[in-house]
file model_39.txt (compact mmCIF, C-alpha atoms and all ligand atoms)
# COMPACT_ATOMS: atom_id res chain seq x y z
CA MET A 397 68.35 12.80 82.88
CA THR A 398 70.03 15.47 85.01
CA ALA A 399 69.09 19.09 84.31
CA LEU A 400 72.69 19.79 83.31
CA LYS A 401 72.76 16.87 80.88
CA ASP A 402 69.75 18.36 79.11
CA ILE A 403 71.45 21.79 78.95
CA LEU A 404 74.71 20.32 77.61
CA ILE A 405 72.95 18.19 74.98
CA ARG A 406 71.09 21.24 73.68
CA GLN A 407 74.29 23.32 73.72
CA ILE A 408 76.29 20.68 71.81
CA ALA A 409 73.44 20.25 69.28
CA THR A 410 73.63 23.98 68.53
CA THR A 411 77.36 24.75 68.65
CA GLY A 412 79.05 21.36 68.24
CA PRO A 413 81.18 19.16 70.51
CA ILE A 414 82.91 20.81 73.50
CA THR A 415 86.34 20.19 75.02
CA LEU A 416 86.76 18.18 78.23
CA ALA A 417 87.81 21.45 79.89
CA ASP A 418 84.49 23.10 79.00
CA TYR A 419 82.66 19.98 80.12
CA MET A 420 84.51 19.82 83.47
CA THR A 421 83.95 23.52 84.15
CA GLN A 422 80.21 23.24 83.58
CA CYS A 423 79.87 19.98 85.53
CA LEU A 424 81.81 21.26 88.54
CA LEU A 425 80.93 24.94 88.65
CA HIS A 426 77.69 25.58 86.68
CA PRO A 427 75.95 28.29 88.77
CA GLN A 428 72.73 26.28 89.26
CA HIS A 429 73.65 22.66 88.58
CA GLY A 430 77.41 22.40 89.19
CA TYR A 431 78.73 19.62 91.40
CA TYR A 432 80.62 21.91 93.79
CA THR A 433 78.08 24.71 93.53
CA THR A 434 75.22 22.63 94.84
CA ARG A 435 76.64 20.34 97.52
CA ASP A 436 79.22 19.37 100.11
CA PRO A 437 80.72 16.33 98.37
CA LEU A 438 83.13 15.28 101.12
CA GLY A 439 83.09 12.58 103.76
CA GLN A 440 81.33 9.27 104.33
CA ALA A 441 77.95 10.41 103.02
CA GLY A 442 79.50 12.21 100.04
CA ASP A 443 81.36 11.01 96.97
CA PHE A 444 84.98 11.14 98.08
CA THR A 445 87.17 11.82 101.07
CA THR A 446 90.43 13.73 101.43
CA ALA A 447 93.47 13.62 103.71
CA PRO A 448 92.21 16.24 106.21
CA GLU A 449 88.84 14.46 106.42
CA ILE A 450 90.62 11.15 107.10
CA SER A 451 92.62 12.39 110.09
CA GLN A 452 93.41 15.55 112.03
CA MET A 453 97.09 14.52 111.82
CA PHE A 454 97.37 15.74 108.21
CA GLY A 455 96.54 19.34 109.16
CA GLU A 456 98.61 19.15 112.32
CA MET A 457 101.74 18.16 110.38
CA LEU A 458 101.16 20.87 107.76
CA GLY A 459 100.46 23.47 110.44
CA LEU A 460 103.73 22.82 112.22
CA CYS A 461 105.54 22.78 108.89
CA LEU A 462 104.11 26.19 107.94
CA ALA A 463 104.79 27.70 111.37
CA GLN A 464 108.41 26.52 111.28
CA THR A 465 108.80 28.00 107.80
CA TRP A 466 107.38 31.30 109.11
CA LEU A 467 109.94 31.24 111.96
CA ASP A 468 112.74 30.40 109.48
CA GLN A 469 111.80 33.52 107.49
CA GLY A 470 112.10 35.76 110.57
CA ALA A 471 108.48 35.55 111.77
CA PRO A 472 107.02 38.40 109.65
CA GLN A 473 104.35 40.36 111.57
CA HIS A 474 101.55 40.38 108.98
CA ILE A 475 101.04 37.34 106.79
CA LEU A 476 98.28 35.76 104.77
CA LEU A 477 97.56 32.21 105.88
CA ALA A 478 95.73 31.16 102.76
CA GLU A 479 94.15 28.08 101.24
CA LEU A 480 92.97 27.19 97.74
CA GLY A 481 89.79 25.08 97.67
CA PRO A 482 89.40 24.61 101.45
CA GLY A 483 86.51 22.10 101.25
CA ARG A 484 84.84 21.96 104.67
CA GLY A 485 87.55 24.08 106.31
CA THR A 486 88.86 21.05 108.18
CA LEU A 487 92.49 21.40 107.08
CA MET A 488 92.65 25.08 108.04
CA ALA A 489 90.94 24.37 111.38
CA ASP A 490 93.51 21.63 112.14
CA ILE A 491 96.39 23.93 111.11
CA LEU A 492 95.09 26.65 113.43
CA ARG A 493 94.64 24.26 116.35
CA ALA A 494 98.12 22.77 115.89
CA THR A 495 99.79 26.20 115.77
CA ARG A 496 97.95 27.79 118.73
CA SER A 497 101.00 27.55 120.93
CA VAL A 498 103.47 28.99 118.40
CA PRO A 499 104.13 32.45 119.89
CA GLY A 500 103.00 35.25 117.59
CA PHE A 501 101.84 33.04 114.71
CA HIS A 502 98.09 33.54 115.13
CA ALA A 503 98.50 37.23 115.84
CA ALA A 504 100.41 37.61 112.55
CA ALA A 505 98.13 35.48 110.40
CA GLN A 506 95.04 36.68 108.55
CA ILE A 507 93.03 33.78 107.08
CA HIS A 508 92.24 34.01 103.36
CA LEU A 509 90.28 31.36 101.47
CA VAL A 510 89.92 30.99 97.70
CA GLU A 511 86.68 29.08 97.15
CA ALA A 512 84.27 28.87 94.22
CA SER A 513 81.43 27.02 95.92
CA PRO A 514 78.83 28.96 97.96
CA THR A 515 77.85 25.72 99.75
CA LEU A 516 81.42 25.02 100.85
CA ARG A 517 81.99 28.69 101.78
CA ALA A 518 79.12 28.29 104.25
CA ALA A 519 80.71 25.12 105.70
CA GLN A 520 84.06 26.93 106.00
CA ALA A 521 82.43 29.92 107.75
CA GLN A 522 80.97 27.59 110.34
CA ARG A 523 84.16 25.61 110.86
CA LEU A 524 86.40 28.67 111.08
CA ALA A 525 84.09 30.93 113.09
CA GLY A 526 86.27 32.93 115.43
CA HIS A 527 89.11 33.27 112.92
CA SER A 528 87.40 35.84 110.63
CA PRO A 529 88.39 34.35 107.28
CA VAL A 530 88.16 36.46 104.14
CA TRP A 531 86.92 34.75 100.94
CA HIS A 532 88.08 35.35 97.38
CA ASP A 533 87.04 34.07 93.96
CA SER A 534 90.58 33.94 92.68
CA ILE A 535 94.14 34.03 93.93
CA ALA A 536 94.65 37.30 92.05
CA ASP A 537 92.30 38.98 94.58
CA LEU A 538 94.48 38.24 97.63
CA PRO A 539 96.14 41.28 99.24
CA GLU A 540 99.86 41.73 98.58
CA ALA A 541 101.68 40.37 101.69
CA PRO A 542 103.87 37.44 102.73
CA LEU A 543 101.87 34.42 101.59
CA PHE A 544 101.78 31.09 103.44
CA LEU A 545 99.50 29.02 101.23
CA ILE A 546 98.26 25.45 101.14
CA ALA A 547 96.35 23.61 98.43
CA ASN A 548 95.19 20.04 99.02
CA GLU A 549 93.26 18.39 96.18
CA PHE A 550 92.65 21.77 94.55
CA PHE A 551 94.59 21.44 91.29
CA ASP A 552 92.99 18.06 90.44
CA ALA A 553 89.61 19.81 90.17
CA LEU A 554 90.82 22.28 87.53
CA PRO A 555 89.65 21.64 83.95
CA ILE A 556 91.91 19.62 81.66
CA ARG A 557 92.08 18.98 77.91
CA GLN A 558 93.10 15.59 76.64
CA PHE A 559 95.00 14.73 73.45
CA THR A 560 95.80 11.40 71.77
CA ARG A 561 98.97 11.33 69.66
CA ASP A 562 98.46 10.42 66.01
CA ASP A 563 100.73 10.16 62.94
CA LYS A 564 99.54 13.60 61.84
CA GLY A 565 99.47 15.41 65.17
CA TRP A 566 97.01 15.19 68.06
CA ARG A 567 93.34 14.24 68.29
CA GLU A 568 91.50 16.01 71.09
CA THR A 569 88.94 14.23 73.28
CA MET A 570 85.69 16.13 72.78
CA VAL A 571 82.29 15.65 74.37
CA ALA A 572 79.66 14.91 71.72
CA VAL A 573 76.08 13.63 71.63
CA GLN A 574 75.04 10.21 70.32
CA ASP A 575 71.52 8.79 70.61
CA GLY A 576 70.61 11.29 73.32
CA ASN A 577 73.68 10.57 75.43
CA LEU A 578 76.93 12.39 76.04
CA ILE A 579 79.98 10.50 74.78
CA ALA A 580 83.71 11.10 74.28
CA ALA A 581 84.75 11.48 70.64
CA LEU A 582 88.16 12.24 69.14
CA SER A 583 88.58 15.29 66.88
CA ASP A 584 90.41 15.10 63.56
CA PRO A 585 94.20 15.14 64.04
CA ALA A 586 95.98 18.49 63.98
CA PRO A 587 99.39 19.75 65.06
CA ILE A 588 99.27 21.45 68.48
CA GLN A 589 102.15 23.81 69.10
CA ALA A 590 101.78 23.69 72.89
CA LEU A 591 102.47 19.93 72.70
CA ASP A 592 105.54 20.09 70.43
CA HIS A 593 107.75 19.28 73.42
CA ARG A 594 105.81 16.04 73.94
CA LEU A 595 106.61 14.69 70.44
CA ALA A 596 109.96 13.44 71.73
CA ASP A 597 108.60 11.35 74.62
CA THR A 598 105.33 10.00 73.19
CA THR A 599 104.42 7.63 70.37
CA PRO A 600 101.16 7.39 68.36
CA GLY A 601 98.27 6.20 70.52
CA GLN A 602 99.62 7.77 73.71
CA ILE A 603 97.50 10.27 75.65
CA VAL A 604 98.60 13.51 77.32
CA GLU A 605 96.56 16.02 79.30
CA THR A 606 97.00 19.75 79.76
CA CYS A 607 95.52 21.98 82.46
CA ALA A 608 95.39 25.56 81.22
CA PRO A 609 94.55 27.31 84.54
CA ALA A 610 97.30 25.52 86.54
CA ALA A 611 100.25 27.42 85.06
CA PRO A 612 98.95 30.98 85.66
CA ILE A 613 97.90 30.05 89.23
CA ALA A 614 101.34 28.57 90.01
CA GLY A 615 102.95 31.62 88.37
CA GLU A 616 100.88 34.04 90.46
CA ILE A 617 101.67 32.17 93.70
CA ALA A 618 105.39 32.22 92.85
CA ARG A 619 105.33 35.93 91.99
CA ARG A 620 103.77 36.76 95.37
CA ILE A 621 106.23 34.58 97.31
CA ALA A 622 109.17 36.08 95.41
CA ASP A 623 107.90 39.64 96.09
CA HIS A 624 106.80 39.31 99.73
CA GLY A 625 108.16 36.03 101.15
CA GLY A 626 106.18 33.04 102.36
CA ALA A 627 105.75 29.46 101.22
CA THR A 628 103.33 27.22 99.36
CA LEU A 629 102.59 23.56 100.04
CA ILE A 630 100.75 21.73 97.27
CA PHE A 631 99.39 18.20 97.84
CA ASP A 632 97.54 16.28 95.15
CA TYR A 633 97.45 13.07 93.25
CA GLY A 634 99.49 12.95 90.10
CA GLY A 635 103.06 12.77 88.93
CA TRP A 636 105.91 14.40 87.10
CA ARG A 637 104.68 15.02 83.50
CA SER A 638 101.25 14.01 82.27
CA ASN A 639 101.10 10.56 80.74
CA GLY A 640 97.91 8.63 79.93
CA ASP A 641 94.19 9.09 80.51
CA THR A 642 93.57 10.16 84.12
CA PHE A 643 90.17 11.81 83.67
CA GLN A 644 87.84 10.20 86.19
CA ALA A 645 84.48 10.49 87.91
CA LEU A 646 83.67 9.48 91.48
CA GLU A 647 80.14 8.99 92.73
CA ASN A 648 79.39 7.49 96.18
CA HIS A 649 83.09 6.57 96.57
CA GLN A 650 82.93 4.48 93.34
CA HIS A 651 84.40 5.12 89.91
CA ALA A 652 81.65 6.16 87.53
CA ASP A 653 81.18 6.99 83.84
CA PRO A 654 82.17 10.70 83.70
CA PHE A 655 79.51 11.39 81.04
CA ALA A 656 76.55 9.61 82.68
CA HIS A 657 75.42 12.13 85.31
CA PRO A 658 76.94 15.57 84.64
CA GLY A 659 76.83 17.72 87.77
CA GLN A 660 76.26 14.71 90.06
CA ALA A 661 79.77 13.20 90.09
CA ASP A 662 83.14 14.60 91.08
CA LEU A 663 85.39 14.96 88.02
CA THR A 664 89.17 15.11 88.42
CA ALA A 665 92.43 14.45 86.62
CA HIS A 666 95.96 13.81 87.87
CA VAL A 667 98.08 16.88 88.50
CA ASP A 668 101.18 17.44 86.37
CA PHE A 669 103.72 18.59 88.97
CA GLU A 670 106.32 19.33 86.32
CA ALA A 671 103.97 21.92 84.79
CA LEU A 672 103.39 23.48 88.25
CA ALA A 673 107.11 23.59 89.11
CA LYS A 674 108.05 25.03 85.70
CA SER A 675 105.42 27.76 85.96
CA ALA A 676 106.60 28.77 89.44
CA THR A 677 109.45 30.94 88.20
CA GLY A 678 111.66 33.14 90.39
CA VAL A 679 111.32 30.94 93.52
CA SER A 680 112.94 27.76 94.88
CA SER A 681 110.95 24.62 94.39
CA SER A 682 111.40 21.41 96.39
CA ALA A 683 111.67 18.04 94.70
CA MET A 684 108.25 16.50 94.07
CA THR A 685 107.95 14.28 97.15
CA PRO A 686 105.43 11.52 97.94
CA GLN A 687 102.90 12.53 100.60
CA GLY A 688 103.80 9.55 102.81
CA ILE A 689 107.45 10.58 102.91
CA VAL A 690 106.73 14.21 103.77
CA LEU A 691 104.33 13.18 106.56
CA GLU A 692 106.84 10.68 107.98
CA ARG A 693 109.60 13.29 107.94
CA LEU A 694 107.30 15.70 109.77
CA GLY A 695 106.79 13.12 112.53
CA ILE A 696 103.31 11.75 111.85
CA THR A 697 104.16 8.36 113.38
CA THR A 698 105.19 9.88 116.71
CA ARG A 699 102.02 11.95 116.68
CA ALA A 700 99.93 8.88 115.78
CA GLN A 701 101.42 6.94 118.71
CA SER A 702 100.73 9.77 121.11
CA LEU A 703 97.09 10.11 119.97
CA ALA A 704 96.68 6.32 120.15
CA LYS A 705 97.32 6.32 123.91
CA ALA A 706 93.93 7.91 124.54
CA LEU A 707 92.06 5.51 122.23
CA SER A 708 90.78 1.95 122.40
CA GLY A 709 88.47 -0.42 120.52
CA ALA A 710 86.92 0.77 117.27
CA ALA A 711 88.31 4.31 117.68
CA LEU A 712 91.85 2.95 117.93
CA GLU A 713 91.33 0.68 114.92
CA SER A 714 90.09 3.58 112.85
CA HIS A 715 92.98 5.82 113.99
CA ILE A 716 95.51 3.17 112.95
CA ALA A 717 93.74 2.73 109.60
CA ALA A 718 93.78 6.51 109.04
CA HIS A 719 97.54 6.71 109.69
CA ARG A 720 98.09 3.90 107.22
CA ARG A 721 95.79 5.44 104.66
CA LEU A 722 97.62 8.77 104.69
CA THR A 723 101.14 7.34 104.54
CA HIS A 724 101.28 3.78 103.17
CA PRO A 725 102.66 3.45 99.62
CA GLN A 726 99.73 1.25 98.63
CA GLU A 727 97.21 3.80 99.88
CA MET A 728 97.63 7.59 99.53
CA GLY A 729 101.31 7.63 100.51
CA SER A 730 102.76 7.29 97.00
CA LEU A 731 99.92 8.24 94.65
CA PHE A 732 99.72 11.64 96.32
CA LYS A 733 102.66 13.95 95.79
CA SER A 734 103.67 17.26 97.23
CA LEU A 735 105.66 20.26 96.19
CA ALA A 736 106.87 23.20 98.27
CA LEU A 737 107.77 26.68 97.01
CA VAL A 738 109.78 29.28 98.95
CA PRO A 739 111.64 32.48 97.99
CA THR A 740 114.95 31.88 96.26
CA GLY A 741 117.62 31.35 98.90
CA ALA A 742 115.16 30.64 101.75
CA ALA A 743 115.23 27.33 103.62
CA LEU A 744 112.79 24.74 102.25
CA PRO A 745 109.98 23.85 104.69
CA PRO A 746 110.72 20.92 107.02
CA GLY A 747 109.77 17.62 105.39
CA PHE A 748 110.74 18.94 101.96
CA ASP A 749 114.38 19.66 102.70
CA ALA A 750 116.01 16.25 102.38
N1 LIG A 801 91.03 20.93 100.16
C1 LIG A 801 89.83 20.27 100.62
C2 LIG A 801 88.77 20.09 99.50
C3 LIG A 801 89.20 19.46 98.22
S1 LIG A 801 87.87 19.39 97.05
C4 LIG A 801 90.17 18.96 101.28
O1 LIG A 801 91.30 18.54 101.16
O2 LIG A 801 89.29 18.36 101.91
C5 LIG A 801 88.22 20.75 95.96
C6 LIG A 801 87.96 22.11 96.55
O3 LIG A 801 88.32 23.09 95.55
C7 LIG A 801 86.53 22.40 96.91
O4 LIG A 801 86.54 23.26 98.03
C8 LIG A 801 86.01 23.11 95.67
O5 LIG A 801 84.84 23.84 95.86
C9 LIG A 801 87.20 23.97 95.32
N2 LIG A 801 87.30 24.41 93.92
C10 LIG A 801 87.21 23.63 92.81
N3 LIG A 801 87.42 24.37 91.69
C11 LIG A 801 87.67 25.63 92.12
C12 LIG A 801 87.98 26.87 91.45
N4 LIG A 801 88.08 26.92 90.12
N5 LIG A 801 88.18 27.97 92.20
C13 LIG A 801 88.10 27.91 93.56
N6 LIG A 801 87.80 26.78 94.25
C14 LIG A 801 87.59 25.66 93.54
call {"tool": "encode", "arguments": {"input": "model_39.txt", "output": "structure tokens"}}
result
Amino acid sequence: MTALKDILIRQIATTGPITLADYMTQCLLHPQHGYYTTRDPLGQAGDFTTAPEISQMFGEMLGLCLAQTWLDQGAPQHILLAELGPGRGTLMADILRATRSVPGFHAAAQIHLVEASPTLRAAQAQRLAGHSPVWHDSIADLPEAPLFLIANEFFDALPIRQFTRDDKGWRETMVAVQDGNLIAALSDPAPIQALDHRLADTTPGQIVETCAPAAPIAGEIARRIADHGGATLIFDYGGWRSNGDTFQALENHQHADPFAHPGQADLTAHVDFEALAKSATGVSSSAMTPQGIVLERLGITTRAQSLAKALSGAALESHIAAHRRLTHPQEMGSLFKSLALVPTGAALPPGFDA
């Protein structure tokens, strides 16, 4: 039994079943036993991999996209180049390398990272040594300035609640204890005002998920971009409007029972891009666009061909596989979506403007 499982079982025995959101928060961010708090989960030896860990081309494309957007907005002199949940710092490092030759961009940009995990903060410090990043616990702590922000696989780690439609309202998925194990159990049905708008497009038995922290974060990003200028690029897996059970655990690159080893598996849920776009008021939002399409529009294939010239054998094979993995509709190309936000009236970032 993991230490966290023991803690949760005792907690539930005392105070009753907890929501999936409470469960996710404790599993991912418990100060001593949380998944992100205690480890670097990324890469081959970890539990999952992400676009920047698959290939440097992901960060290169996003870097050029952000730098062009900065130029389109008149190249403001002092900007925050910020990231939510920067993992190992790989994406930011690739963005910085790709934009080195954009005159004035590095001189204008101060690096700001919003990161909850002390372990990953240490990895980011190492990776971004020389760029003097500043860390924050929350987006609300960022200074007020033009904000050029990226978030890759950040929103999928935020805690969700899950509801199953019923004749009499909604039954919430709760985490309960049975025979010394954690299990999912449905609450009694009750009307839920926040889900009234989903009564029209769901039928009994259907599942919807809500992510309470996503809306205020998207709202805060939008407020800053509206006030100071800038842009946000969000990449994540998900779709337009939550539909169905997407709560999942990954352990050693395999799907796992999310209740078996709390604190030892990555827990995520699909991102509801409609909820993000609707909460980002007072700014222009792009269409939700598949990752593969955005990367193709930004020129990833040309870049892939140019990098391929210096490669042969296994390195070339793996480079070709990485390009395919990032862009192909049967790999990450379609499952992953992206959304860009800019001030009202400003040009959308390249790749998002079709
Ligand atoms: N963007 C990186 C890592 C994705 S993993 C990449 O693409 O490789 C999710 C990241 O979000 C991790 O860095 C994790 O520690 C961070 N994170 C998760 N929940 C968070 C929260 N509530 N506040 C800040 N960071 C969080």
call {"tool": "closest_residue", "arguments": {"input": "model_39.txt", "among": "A:Ala463, A:Ile716, A:Leu646, A:Ala518", "to": "Leu703 (chain A)", "atoms": "all atoms listed in the file"}}
result
A:Ile716
call {"tool": "residues_near_ligand", "arguments": {"input": "model_39.txt", "ligand": "ligand LIG 801 (chain A)", "cutoff": "6 Å", "atoms": "only C-alpha atoms and all ligand atoms", "output": "list of chain:residue names"}}
result
A:Tyr432, A:Thr446, A:Ala447, A:Pro448, A:Glu449, A:Gly481, A:Pro482, A:Gly483, A:Val510, A:Glu511, A:Ala512, A:Ser513, A:Asn548, A:Glu549, A:Phe550, A:Ala553, A:Leu554
call {"tool": "closest_residue", "arguments": {"input": "model_39.txt", "among": "A:Leu707, A:Ile613, A:Ile556, A:Ala718", "to": "Asp641 (chain A)", "atoms": "all atoms listed in the file"}}
result
A:Ile556
call {"tool": "closest_residue", "arguments": {"input": "model_39.txt", "among": "A:Leu712, A:Leu480, A:Met453, A:Cys461", "to": "Asp533 (chain A)", "atoms": "only C-alpha atoms"}}
result
A:Leu480
call {"tool": "atom_distance", "arguments": {"input": "model_39.txt", "atom1": "CA of Thr421 (chain A)", "atom2": "CA of Met728 (chain A)"}}
result
26.0 Å
call {"tool": "residues_around", "arguments": {"input": "model_39.txt", "residues": "Leu492 (chain A)", "least_positions_apart": "4", "cutoff": "8 Å", "atoms": "all atoms listed in the file", "output": "short mmCIF file (atom, residue, chain, number, x, y, z; two decimals) with C-alpha atoms, in the coordinates of the input"}}
result
data_model
loop_
_atom_site.label_atom_id
_atom_site.label_comp_id
_atom_site.auth_asym_id
_atom_site.auth_seq_id
_atom_site.Cartn_x
_atom_site.Cartn_y
_atom_site.Cartn_z
CA GLY A 459 100.46 23.47 110.44
CA MET A 488 92.65 25.08 108.04
CA ARG A 496 97.95 27.79 118.73
CA HIS A 502 98.09 33.54 115.13
#
call {"tool": "closest_residue", "arguments": {"input": "model_39.txt", "among": "A:Ala580, A:Glu616, A:Ala611, A:Asp468", "to": "Gly741 (chain A)", "atoms": "only C-alpha atoms"}}
result
A:Asp468
call {"tool": "closest_residue", "arguments": {"input": "model_39.txt", "among": "A:Arg619, A:Lys401, A:His651, A:Arg561", "to": "Tyr419 (chain A)", "atoms": "all atoms listed in the file"}}
result
A:Lys401
call {"tool": "residues_near_point", "arguments": {"input": "model_39.txt", "point": "(108.4, 17.2, 84.6)", "cutoff": "12 Å", "atoms": "all atoms listed in the file", "output": "ChimeraX atom specification"}}
result
/A:593-594,597,634-639,667-675,683-684
call {"tool": "residues_around", "arguments": {"input": "model_39.txt", "residues": "Pro725 (chain A)", "least_positions_apart": "6", "cutoff": "10 Å", "atoms": "only C-alpha atoms", "output": "PyMOL selection string"}}
result
chain A and resi 686-689+731-732
